[in-house]
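Worksheet for the structure shown next.
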Amino acid sequence: MTPLLLRTMRTETRQSMEMLYCAKWNIPKAAKNAGLTDKEMKITFNEYCQFHPPIYNKDGSVAE
């Protein structure tokens, strides 16, 4: 079952989450793109991270 957060996310918000997750954008840039405040972006990104596995290991290598 897909979490509600992932089914109802706008395209701009999803793009912002993906860019934050890959550390390509910072919170202010992602929030502006998604039309959210910095605080809203932090809350939303925290929830997003709970549903996505890490993409890097602690040693910096790409997770399989």
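Chain labels follow the order of the structure tokens: the first chain is A, the next B, and so on; residue numbering restarts at 1 in every chain, and ligands are counted from 1 in their shown order.
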
Requested in this report: Would you mind writing down, as a PyMOL selection string, each residue of chain A that DSSP on the backbone assigns to alpha helix (DSSP H)?
Outcome: chain A and resi 4-7+11-21+27-34+38-50

Query raised in the report: Could you pull the residues within 9 Å of segment 16-26 of chain A, counting only C-alpha atoms, minus those fewer than 3 positions along the same chain, as a PyMOL selection string?
Result: chain A and resi 11-13+29-34+41+44-45+48-49+54-55

Could you turn the residues from that selection into a file that holds C-alpha atoms, as an mmCIF file, in the first residue's frame?
data_model
loop_
_atom_site.group_PDB
_atom_site.id
_atom_site.type_symbol
_atom_site.label_atom_id
_atom_site.label_comp_id
_atom_site.auth_asym_id
_atom_site.auth_seq_id
_atom_site.Cartn_x
_atom_site.Cartn_y
_atom_site.Cartn_z
ATOM 1 C CA THR A 11 4.867 17.496 -8.945
ATOM 2 C CA GLU A 12 6.782 20.515 -7.617
ATOM 3 C CA THR A 13 6.829 19.091 -4.105
ATOM 4 C CA LYS A 29 15.459 26.549 -2.528
ATOM 5 C CA ALA A 30 13.297 23.428 -2.242
ATOM 6 C CA ALA A 31 10.642 25.258 -0.230
ATOM 7 C CA LYS A 32 10.439 28.059 -2.791
ATOM 8 C CA ASN A 33 10.092 25.546 -5.640
ATOM 9 C CA ALA A 34 7.304 23.699 -3.807
ATOM 10 C CA MET A 41 9.370 21.842 3.929
ATOM 11 C CA THR A 44 7.305 17.297 4.847
ATOM 12 C CA PHE A 45 10.875 16.218 4.115
ATOM 13 C CA TYR A 48 9.426 11.742 3.097
ATOM 14 C CA CYS A 49 12.654 10.367 4.591
ATOM 15 C CA PRO A 54 19.202 5.572 2.328
ATOM 16 C CA ILE A 55 20.944 5.979 -1.028
#

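Taking atom CA of Pro28 of chain A and atom CA of Val62 of chain A as the two end points, the separation is 26.2 Å.
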